[in-house]
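Here is the file protein_9.tsv (TSV, C-alpha atoms).
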```tsv
chain	number	residue	atom	x	y	z
A	1	MET	CA	98.12	72.00	115.66
A	2	GLY	CA	100.47	69.55	113.99
A	3	SER	CA	104.19	69.98	113.80
A	4	SER	CA	105.23	72.26	111.02
A	5	GLU	CA	108.83	71.17	111.02
A	6	VAL	CA	109.72	69.03	108.09
A	7	ALA	CA	112.20	66.25	108.73
A	8	VAL	CA	114.88	66.55	106.10
A	9	GLY	CA	118.04	64.56	105.81
A	10	SER	CA	119.93	67.07	103.76
A	11	ALA	CA	122.50	69.82	103.95
A	12	VAL	CA	119.84	72.31	104.96
A	13	ASP	CA	118.96	71.92	108.61
A	14	VAL	CA	115.46	73.30	109.12
A	15	GLU	CA	115.97	74.45	112.67
A	16	VAL	CA	119.21	76.16	111.81
A	17	ALA	CA	117.54	77.67	108.75
A	18	GLU	CA	114.92	79.14	111.04
A	19	ARG	CA	117.33	80.81	113.42
A	20	LEU	CA	117.92	84.49	112.90
A	21	ARG	CA	120.26	86.87	114.65
A	22	ILE	CA	119.49	90.56	114.86
A	23	ALA	CA	121.88	92.73	116.86
A	24	ASP	CA	122.76	90.63	119.92
A	25	ARG	CA	119.60	88.57	119.94
A	26	GLU	CA	118.72	85.26	118.35
A	27	PHE	CA	115.21	84.45	117.16
A	28	ASP	CA	113.77	80.99	116.49
A	29	SER	CA	111.45	82.16	113.78
A	30	ARG	CA	111.77	84.36	110.74
A	31	LEU	CA	108.16	85.39	110.90
A	32	PHE	CA	107.29	88.57	112.80
A	33	VAL	CA	103.67	89.42	113.40
A	34	GLY	CA	101.60	92.41	114.39
A	35	THR	CA	98.88	92.49	117.00
A	36	GLY	CA	96.39	94.90	115.44
A	37	LYS	CA	93.00	94.40	113.81
A	38	TYR	CA	92.13	90.99	115.25
A	39	PRO	CA	88.43	90.24	115.77
A	40	ASP	CA	89.13	89.56	119.47
A	41	ASN	CA	92.02	89.09	121.86
A	42	GLU	CA	91.65	85.30	122.21
A	43	THR	CA	91.95	84.86	118.46
A	44	MET	CA	94.96	87.16	118.43
A	45	VAL	CA	96.82	85.19	121.07
A	46	GLU	CA	96.01	81.85	119.45
A	47	ALA	CA	97.04	83.10	116.01
A	48	ILE	CA	100.29	84.52	117.35
A	49	ARG	CA	101.12	81.25	119.13
A	50	THR	CA	100.28	79.25	116.03
A	51	SER	CA	102.47	81.46	113.86
A	52	GLY	CA	105.49	80.36	115.90
A	53	THR	CA	106.74	83.93	115.85
A	54	ALA	CA	109.51	85.09	118.10
A	55	MET	CA	108.70	88.80	117.97
A	56	VAL	CA	105.44	90.72	117.96
A	57	THR	CA	104.86	94.38	117.19
A	58	VAL	CA	102.77	96.66	119.38
A	59	ALA	CA	101.74	100.31	119.05
A	60	VAL	CA	101.93	103.16	121.56
A	61	ARG	CA	98.67	105.01	122.16
A	62	ARG	CA	96.88	107.10	124.73
A	63	VAL	CA	94.99	105.13	127.35
A	64	ASP	CA	91.28	105.59	126.75
A	65	LEU	CA	90.22	107.13	130.03
A	66	ASP	CA	86.54	106.73	129.21
A	67	ARG	CA	87.03	102.99	128.70
A	68	THR	CA	84.99	102.76	125.56
A	69	GLN	CA	87.75	100.65	124.04
A	70	SER	CA	89.43	97.54	125.34
A	71	GLU	CA	92.35	97.68	127.76
A	72	GLY	CA	96.00	97.65	126.80
A	73	ILE	CA	97.39	94.70	124.94
A	74	LEU	CA	99.52	93.54	127.87
A	75	PHE	CA	96.36	92.31	129.59
A	76	HIS	CA	96.26	89.66	126.89
A	77	LEU	CA	99.80	89.22	125.67
A	78	ASP	CA	102.46	88.08	128.11
A	79	PRO	CA	105.72	89.93	127.44
A	80	GLU	CA	107.53	86.95	128.97
A	81	GLU	CA	106.16	84.75	126.20
A	82	PHE	CA	106.53	87.13	123.27
A	83	PHE	CA	109.37	89.54	122.62
A	84	LEU	CA	107.78	92.94	122.10
A	85	LEU	CA	108.74	95.22	119.25
A	86	PRO	CA	107.07	98.61	119.80
A	87	ASN	CA	106.43	100.63	116.67
A	88	THR	CA	106.07	104.29	115.83
A	89	ALA	CA	103.11	103.67	113.54
A	90	GLY	CA	101.01	106.70	112.77
A	91	CYS	CA	103.92	109.15	113.08
A	92	TYR	CA	104.43	111.59	110.21
A	93	THR	CA	107.51	113.43	111.47
A	94	ALA	CA	110.89	112.41	112.85
A	95	GLU	CA	110.09	114.38	116.00
A	96	ASP	CA	106.88	112.44	116.64
A	97	ALA	CA	108.55	109.11	115.94
A	98	ILE	CA	111.31	109.95	118.42
A	99	ARG	CA	108.72	110.91	121.03
A	100	TYR	CA	106.81	107.64	120.57
A	101	ALA	CA	110.04	105.65	120.64
A	102	ARG	CA	111.06	107.15	123.96
A	103	LEU	CA	107.61	106.47	125.42
A	104	ALA	CA	107.83	102.88	124.23
A	105	ARG	CA	111.21	102.40	125.84
A	106	ALA	CA	109.96	103.92	129.10
A	107	ALA	CA	107.47	101.04	129.30
A	108	GLY	CA	110.52	99.13	130.45
A	109	PHE	CA	110.62	96.02	128.30
A	110	ASN	CA	113.48	96.51	125.89
A	111	GLU	CA	115.41	98.91	123.69
A	112	TRP	CA	114.02	97.61	120.42
A	113	LEU	CA	111.98	99.66	118.02
A	114	LYS	CA	110.23	99.31	114.71
A	115	LEU	CA	110.80	102.79	113.35
A	116	GLU	CA	108.11	103.93	110.98
A	117	VAL	CA	107.64	107.48	109.71
A	118	ILE	CA	104.83	107.79	107.21
A	119	GLY	CA	105.08	110.25	104.33
A	120	ASP	CA	101.83	109.83	102.45
A	121	GLU	CA	98.36	109.25	103.81
A	122	THR	CA	96.97	107.43	100.78
A	123	THR	CA	99.68	104.84	100.28
A	124	LEU	CA	101.23	105.01	103.77
A	125	VAL	CA	104.65	104.86	102.12
A	126	PRO	CA	107.42	106.02	104.41
A	127	ASP	CA	109.05	109.43	104.51
A	128	THR	CA	112.54	108.08	104.02
A	129	GLN	CA	114.30	111.33	104.84
A	130	ALA	CA	112.46	111.68	108.15
A	131	THR	CA	113.00	107.97	108.85
A	132	LEU	CA	116.74	108.41	108.39
A	133	GLU	CA	116.79	111.50	110.59
A	134	ALA	CA	114.88	109.73	113.38
A	135	ALA	CA	117.07	106.62	113.00
A	136	GLU	CA	120.25	108.64	113.57
A	137	THR	CA	118.88	110.18	116.77
A	138	LEU	CA	117.47	106.92	118.13
A	139	VAL	CA	120.57	104.86	117.37
A	140	ALA	CA	122.60	107.48	119.26
A	141	GLU	CA	120.19	107.04	122.18
A	142	GLY	CA	120.89	103.33	122.28
A	143	PHE	CA	117.80	101.95	120.56
A	144	ASN	CA	117.98	98.82	118.43
A	145	VAL	CA	116.27	100.35	115.44
A	146	MET	CA	114.55	98.14	112.87
A	147	ALA	CA	113.64	100.62	110.18
A	148	TYR	CA	110.58	100.29	108.00
A	149	THR	CA	111.39	101.75	104.60
A	150	ASN	CA	110.64	101.80	100.92
A	151	ASP	CA	112.04	99.22	98.52
A	152	ASP	CA	114.73	101.77	97.78
A	153	LEU	CA	118.35	100.62	97.75
A	154	VAL	CA	119.99	103.94	98.59
A	155	THR	CA	117.77	104.54	101.62
A	156	ALA	CA	118.37	100.98	102.80
A	157	LEU	CA	122.14	101.51	102.61
A	158	ARG	CA	121.86	104.83	104.45
A	159	LEU	CA	119.74	103.28	107.20
A	160	GLU	CA	122.38	100.59	107.59
A	161	ASP	CA	125.10	103.26	107.78
A	162	ALA	CA	123.02	105.08	110.39
A	163	GLY	CA	123.35	102.01	112.62
A	164	CYS	CA	119.95	100.36	112.23
A	165	VAL	CA	120.08	96.72	113.34
A	166	ALA	CA	117.72	95.65	110.55
A	167	VAL	CA	116.30	97.28	107.45
A	168	MET	CA	112.68	96.49	106.60
A	169	PRO	CA	111.66	97.32	103.05
A	170	LEU	CA	107.98	97.10	102.22
A	171	ALA	CA	106.62	94.46	99.85
A	172	SER	CA	103.79	96.87	98.99
A	173	PRO	CA	101.73	99.41	100.97
A	174	ILE	CA	100.77	98.62	104.57
A	175	GLY	CA	97.52	96.70	104.75
A	176	SER	CA	97.24	96.44	100.94
A	177	GLY	CA	97.79	92.70	100.57
A	178	LEU	CA	99.34	93.29	97.16
A	179	GLY	CA	102.38	91.10	97.81
A	180	ILE	CA	105.88	91.93	96.59
A	181	VAL	CA	105.59	94.49	93.83
A	182	ASN	CA	109.32	94.78	93.26
A	183	PRO	CA	111.16	91.55	93.97
A	184	TYR	CA	114.22	92.75	92.09
A	185	PHE	CA	114.85	95.62	94.49
A	186	ILE	CA	114.16	93.44	97.50
A	187	ARG	CA	116.87	91.08	96.26
A	188	GLU	CA	119.23	93.94	95.52
A	189	ILE	CA	118.73	95.42	99.00
A	190	LYS	CA	119.45	91.99	100.48
A	191	ARG	CA	122.56	91.59	98.33
A	192	ARG	CA	123.97	94.98	99.23
A	193	CYS	CA	123.19	95.36	102.94
A	194	GLU	CA	124.95	93.46	105.67
A	195	VAL	CA	122.29	93.88	108.38
A	196	PRO	CA	119.28	91.54	108.32
A	197	ILE	CA	116.59	92.47	105.80
A	198	ILE	CA	112.99	91.90	106.86
A	199	VAL	CA	110.23	92.38	104.32
A	200	ASP	CA	107.60	94.38	106.16
A	201	ALA	CA	104.09	95.20	104.95
A	202	GLY	CA	102.06	94.23	101.93
A	203	VAL	CA	101.93	90.46	102.34
A	204	GLY	CA	98.41	89.27	101.50
A	205	THR	CA	98.54	85.52	101.63
A	206	ALA	CA	100.92	82.63	102.18
A	207	SER	CA	102.44	82.67	98.69
A	208	ASP	CA	103.48	86.30	99.23
A	209	ALA	CA	105.39	85.34	102.38
A	210	CYS	CA	106.97	82.43	100.54
A	211	ILE	CA	107.99	84.60	97.59
A	212	ALA	CA	109.43	87.18	99.98
A	213	MET	CA	111.58	84.55	101.68
A	214	GLU	CA	112.62	83.07	98.33
A	215	GLN	CA	114.30	86.39	97.54
A	216	GLY	CA	116.80	85.52	100.25
A	217	VAL	CA	115.67	88.02	102.86
A	218	ASP	CA	116.09	87.20	106.51
A	219	GLY	CA	112.50	87.45	107.61
A	220	VAL	CA	109.03	88.74	106.96
A	221	LEU	CA	106.74	90.90	109.10
A	222	MET	CA	102.99	91.01	108.67
A	223	ASN	CA	99.81	91.90	110.48
A	224	THR	CA	96.70	92.45	108.34
A	225	ALA	CA	97.10	89.29	106.28
A	226	ILE	CA	96.72	87.15	109.39
A	227	ALA	CA	94.44	89.34	111.50
A	228	THR	CA	91.81	89.95	108.84
A	229	ALA	CA	91.73	86.48	107.30
A	230	ASP	CA	88.41	84.67	107.75
A	231	ASP	CA	90.28	82.27	110.02
A	232	PRO	CA	93.27	84.11	111.48
A	233	VAL	CA	94.61	81.03	113.31
A	234	ALA	CA	94.64	78.92	110.14
A	235	MET	CA	96.25	81.77	108.22
A	236	ALA	CA	98.89	82.14	110.94
A	237	HIS	CA	99.74	78.46	110.45
A	238	ALA	CA	99.86	78.93	106.68
A	239	MET	CA	102.21	81.89	107.11
A	240	ARG	CA	104.46	79.88	109.38
A	241	LEU	CA	104.75	77.12	106.79
A	242	ALA	CA	105.15	79.58	103.93
A	243	THR	CA	107.93	81.46	105.68
A	244	GLN	CA	109.76	78.21	106.41
A	245	SER	CA	109.08	76.95	102.93
A	246	GLY	CA	110.39	80.08	101.24
A	247	ARG	CA	113.49	80.08	103.41
A	248	LEU	CA	114.21	76.44	102.65
A	249	ALA	CA	113.63	76.92	98.93
A	250	TYR	CA	116.05	79.83	98.97
A	251	LEU	CA	118.70	77.81	100.82
A	252	ALA	CA	118.09	74.77	98.62
A	253	GLY	CA	118.91	76.86	95.54
A	254	ARG	CA	116.28	76.95	92.88
A	255	MET	CA	116.68	75.63	89.33
A	256	GLU	CA	117.39	78.02	86.55
A	257	ALA	CA	114.23	79.36	84.91
A	258	ARG	CA	114.11	79.03	81.13
A	259	GLU	CA	111.46	80.20	78.73
A	260	ILE	CA	111.41	76.88	76.90
A	261	GLY	CA	110.20	73.39	77.75
A	262	ILE	CA	112.85	70.82	78.59
A	263	PRO	CA	111.71	67.20	78.98
A	264	SER	CA	112.00	65.59	82.37
A	265	SER	CA	111.86	62.07	80.91
A	266	PRO	CA	114.51	60.56	78.62
A	267	THR	CA	114.07	61.43	74.95
A	268	ARG	CA	115.91	58.22	74.05
A	269	GLY	CA	114.37	54.80	74.36
A	270	MET	CA	111.07	55.76	72.80
A	271	LEU	CA	109.31	52.98	70.83
A	272	ASP	CA	109.45	53.10	67.05
B	1	MET	CA	81.41	125.76	139.68
B	2	SER	CA	84.80	124.28	140.22
B	3	ASP	CA	85.83	123.32	143.70
B	4	PRO	CA	88.56	125.65	145.04
B	5	GLY	CA	90.47	122.58	146.22
B	6	ASN	CA	90.64	121.33	142.66
B	7	ILE	CA	92.90	122.09	139.73
B	8	GLN	CA	92.47	121.88	135.98
B	9	VAL	CA	94.87	119.62	134.13
B	10	GLN	CA	94.89	118.33	130.61
B	11	VAL	CA	94.97	114.54	130.56
B	12	ASN	CA	95.27	112.79	127.21
B	13	GLY	CA	94.13	115.92	125.43
B	14	LYS	CA	91.07	116.50	127.60
B	15	GLU	CA	90.54	119.06	130.36
B	16	ARG	CA	89.99	117.33	133.68
B	17	GLU	CA	89.34	118.64	137.13
B	18	VAL	CA	91.29	116.80	139.79
B	19	GLN	CA	92.05	117.33	143.44
B	20	SER	CA	95.02	119.62	143.99
B	21	GLY	CA	98.15	118.17	145.50
B	22	LEU	CA	97.86	114.81	143.74
B	23	SER	CA	101.04	112.97	142.91
B	24	VAL	CA	101.36	111.39	139.47
B	25	HIS	CA	100.94	108.04	141.17
B	26	GLN	CA	97.64	109.16	142.71
B	27	LEU	CA	96.50	110.57	139.38
B	28	VAL	CA	97.19	107.21	137.72
B	29	GLU	CA	95.22	105.47	140.46
B	30	PHE	CA	92.45	108.04	140.15
B	31	PHE	CA	91.92	106.79	136.60
B	32	ASP	CA	92.02	103.21	137.86
B	33	LEU	CA	95.17	102.35	135.91
B	34	ASN	CA	98.00	99.99	136.78
B	35	PRO	CA	101.16	102.14	137.09
B	36	LEU	CA	103.26	99.21	135.91
B	37	LEU	CA	101.48	99.02	132.58
B	38	ILE	CA	101.51	102.65	131.57
B	39	VAL	CA	103.98	105.37	130.71
B	40	VAL	CA	103.51	108.94	131.86
B	41	GLU	CA	104.59	112.04	130.02
B	42	LEU	CA	104.26	115.28	132.01
B	43	ASN	CA	104.56	118.47	129.97
B	44	ARG	CA	106.42	116.53	127.28
B	45	GLU	CA	108.89	114.99	129.75
B	46	ILE	CA	108.74	111.24	130.31
B	47	LEU	CA	108.65	110.29	133.97
B	48	SER	CA	110.28	107.11	135.20
B	49	ARG	CA	108.09	104.96	137.43
B	50	ASP	CA	110.11	105.75	140.52
B	51	GLN	CA	109.23	109.43	140.06
B	52	PHE	CA	105.46	108.82	140.12
B	53	LYS	CA	105.12	109.23	143.88
B	54	ASP	CA	107.43	112.24	144.13
B	55	VAL	CA	106.11	114.41	141.32
B	56	GLN	CA	102.97	116.45	141.91
B	57	VAL	CA	100.46	117.46	139.30
B	58	SER	CA	99.98	121.23	139.03
B	59	GLU	CA	97.37	123.53	137.53
B	60	GLY	CA	97.59	123.60	133.74
B	61	ASP	CA	99.85	120.56	133.42
B	62	ALA	CA	99.59	118.47	130.27
B	63	VAL	CA	99.68	114.79	131.15
B	64	GLU	CA	99.80	111.91	128.70
B	65	LEU	CA	99.02	108.42	129.93
B	66	VAL	CA	100.02	105.90	127.27
B	67	HIS	CA	100.22	102.15	126.92
B	68	PHE	CA	100.74	99.46	124.30
B	69	VAL	CA	97.86	98.53	122.05
B	70	GLY	CA	97.58	96.16	119.10
B	71	GLY	CA	99.48	97.31	116.03
B	72	GLY	CA	101.59	96.16	113.12
```

Whole structure, structure tokens version:
Amino acid sequence: MGSSEVAVGSAVDVEVAERLRIADREFDSRLFVGTGKYPDNETMVEAIRTSGTAMVTVAVRRVDLDRTQSEGILFHLDPEEFFLLPNTAGCYTAEDAIRYARLARAAGFNEWLKLEVIGDETTLVPDTQATLEAAETLVAEGFNVMAYTNDDLVTALRLEDAGCVAVMPLASPIGSGLGIVNPYFIREIKRRCEVPIIVDAGVGTASDACIAMEQGVDGVLMNTAIATADDPVAMAHAMRLATQSGRLAYLAGRMEAREIGIPSSPTRGMLD
Amino acid sequence: MSDPGNIQVQVNGKEREVQSGLSVHQLVEFFDLNPLLIVVELNREILSRDQFKDVQVSEGDAVELVHFVGGG
């Protein structure tokens, strides 16, 4: 794998641009990745390493006592190497999400949590009311709650008020690969919230990650786009570059878009 | 016929017959699991790892043995 850092002699320092602080912790990458749906564990670990991520999500599930499925993920993923972000995926009520969160914390790694309370089985969009309710309880219990939510400004502001350390609006439904369906509201959420904003879910390919970062958000979280690519390791590398690229483009300040052509070459000095 | 020295407990949603008098630690080992990599919930109460050896499993208990798996 070649270096993905671009040497730039400009006001925007790439390494500094990459650094992200959430709560009391600093991360060296703005790309967060999931660990589900990989064809095998070796590919997962290689893809995660290649992505350069500083935080990986994991889910809490019953151990399969009949051993028809593979062992827990910690047989493959070293928690010393990757900062674990347990999620409450699959929970449909605040009560369930709180239960899963407490189980995750009891594993003994950290107090961080990706809070996710689903409200609709077809689209997997969050139940924002239940998310807020669970967030209030879990923040009071000392969790660092990163809340998965809709691209809804009012909910984002309320989650921030509830004490979430990051708010994570969806780009589009989980696992859909539809990209950002509402960039305007992603920008507005970023403009109005003070906590870091991580676009979570819906990224399909590298351009989606880049577009997400170009909106000025602090990071992007994805799983399916990497795990189910034909070559997950190559896609992980593409996502790393796209996330960096989008961040740099945002910091560089894009040109104004105009619905008219404006010549790039001088109009004067043309031959008669 | 169930052995009189055994008890019925529900583990991960399934009825299981185990030896009576087992500690949670022994139950975890019975299923060949590493106690450091799992979390135990006994009748909806999470047990800390230092309780595993002290707490006994009783007839009718509901035990959940959970761990981290891949997810997004």

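With all atoms listed in the file as the atoms that count, the residue of A:Leu178, A:Ala234, A:Met222, A:Leu248 with the shortest distance to Thr53 of chain A is A:Met222.
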
Residue contacts of Phe83 of chain A (12 Å, all atoms listed in the file) excluding same-chain residues fewer than 6 positions away, as a PyMOL selection string: chain A and resi 25-29+32-34+48+53-58+74+77+109-113

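The closest residue to chain B, picked from A:Gly202, A:Pro266, A:Gly52, A:Gly119 and counting only C-alpha atoms, is A:Gly202.
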
Atom CA of Val69 of chain B to atom CA of Leu84 of chain A measures 11.4 Å

Which residue gives the smallest distance to Ala229 of chain A among A:Ala162, A:Ala147, A:Ala134, A:Met44, with all atoms listed in the file counted?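 Under the stated criterion, the closest residue is A:Met44.
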
Interatomic distance between atom CA of Asn12 of chain B and atom CA of Gln56 of chain B?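 Atom CA of Gln56 of chain B lies at a distance of 17.0 Å from atom CA of Asn12 of chain B.
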
Could you jot down the atom CA of Ser48 of chain B to atom CA of Ala106 of chain A separation for me, Å, one decimal place?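 Interatomic distance here is 6.9 Å.
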
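When all atoms listed in the file are used to compute distances to chain A, the closest of the residues B:Leu27, B:Val18, B:Val9, B:Val66 turns out to be B:Val66.
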
Quick one: residues within 9 Å of segment 88-105 of chain A, all atoms listed in the file, excluding same-chain residues fewer than 6 positions away - as a VMD selection string? (chain A and resid 59 to 61 111 to 120 126 to 127 129 to 135 137 to 138 143) or (chain B and resid 39 to 41 44 46 66 to 68 71 to 72)

Which of these residues is nearest to chain B, using all atoms listed in the file: A:Glu42, A:Asp200, A:Asp152, A:Glu81? A:Asp200

Long-range neighbours of Ser23 of chain B as a PDB file with C-alpha atoms, in the frame of the given file, 7 Å cut-off, all atoms listed in the file, 3 positions minimum in chain:
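Output contents, as saved in around-v6.pdb:
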```pdb
ATOM      1  CA  GLN B  26      97.640 109.160 142.710  1.00  0.00           C
ATOM      2  CA  LEU B  27      96.500 110.570 139.380  1.00  0.00           C
ATOM      3  CA  PHE B  52     105.460 108.820 140.120  1.00  0.00           C
ATOM      4  CA  LYS B  53     105.120 109.230 143.880  1.00  0.00           C
ATOM      5  CA  ASP B  54     107.430 112.240 144.130  1.00  0.00           C
ATOM      6  CA  VAL B  55     106.110 114.410 141.320  1.00  0.00           C
ATOM      7  CA  GLN B  56     102.970 116.450 141.910  1.00  0.00           C
ATOM      8  CA  VAL B  57     100.460 117.460 139.300  1.00  0.00           C
TER       9      VAL B  57
END
```

Counting only C-alpha atoms, which residue out of B:Pro35, B:Gly21, B:Gly13, B:Gly70 sits closest to Leu65 of chain A? B:Gly13

Glu214 of chain A surroundings by all atoms listed in the file, 8 Å radius, close-in-sequence under 4 positions cut, as a list in words: Cys210, Gly246, Arg247, Ala249 and Tyr250 of chain A

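Around Ala47 of chain A, within 8 Å and counting all atoms listed in the file, the residues found are Ile226, Pro232, Val233, Ala234, Met235, Ala236 and His237 of chain A, once anything fewer than 5 positions away on its own chain is removed.
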
Same residues, C-alpha atoms, output as an mmCIF file, in the coordinates of the input:
```cif
data_model
loop_
_atom_site.group_PDB
_atom_site.id
_atom_site.type_symbol
_atom_site.label_atom_id
_atom_site.label_comp_id
_atom_site.auth_asym_id
_atom_site.auth_seq_id
_atom_site.Cartn_x
_atom_site.Cartn_y
_atom_site.Cartn_z
ATOM 1 C CA ILE A 226 96.720 87.150 109.390
ATOM 2 C CA PRO A 232 93.270 84.110 111.480
ATOM 3 C CA VAL A 233 94.610 81.030 113.310
ATOM 4 C CA ALA A 234 94.640 78.920 110.140
ATOM 5 C CA MET A 235 96.250 81.770 108.220
ATOM 6 C CA ALA A 236 98.890 82.140 110.940
ATOM 7 C CA HIS A 237 99.740 78.460 110.450
#
```

Mind giving me the axis-aligned box for segment 147-155 of chain A with 5 Å on every side, centre plus edges in Å to one decimal, as lines of an AutoDock Vina configuration file?
```
center_x = 115.3
center_y = 101.9
center_z = 104.0
size_x = 19.4
size_y = 15.3
size_z = 22.4
```
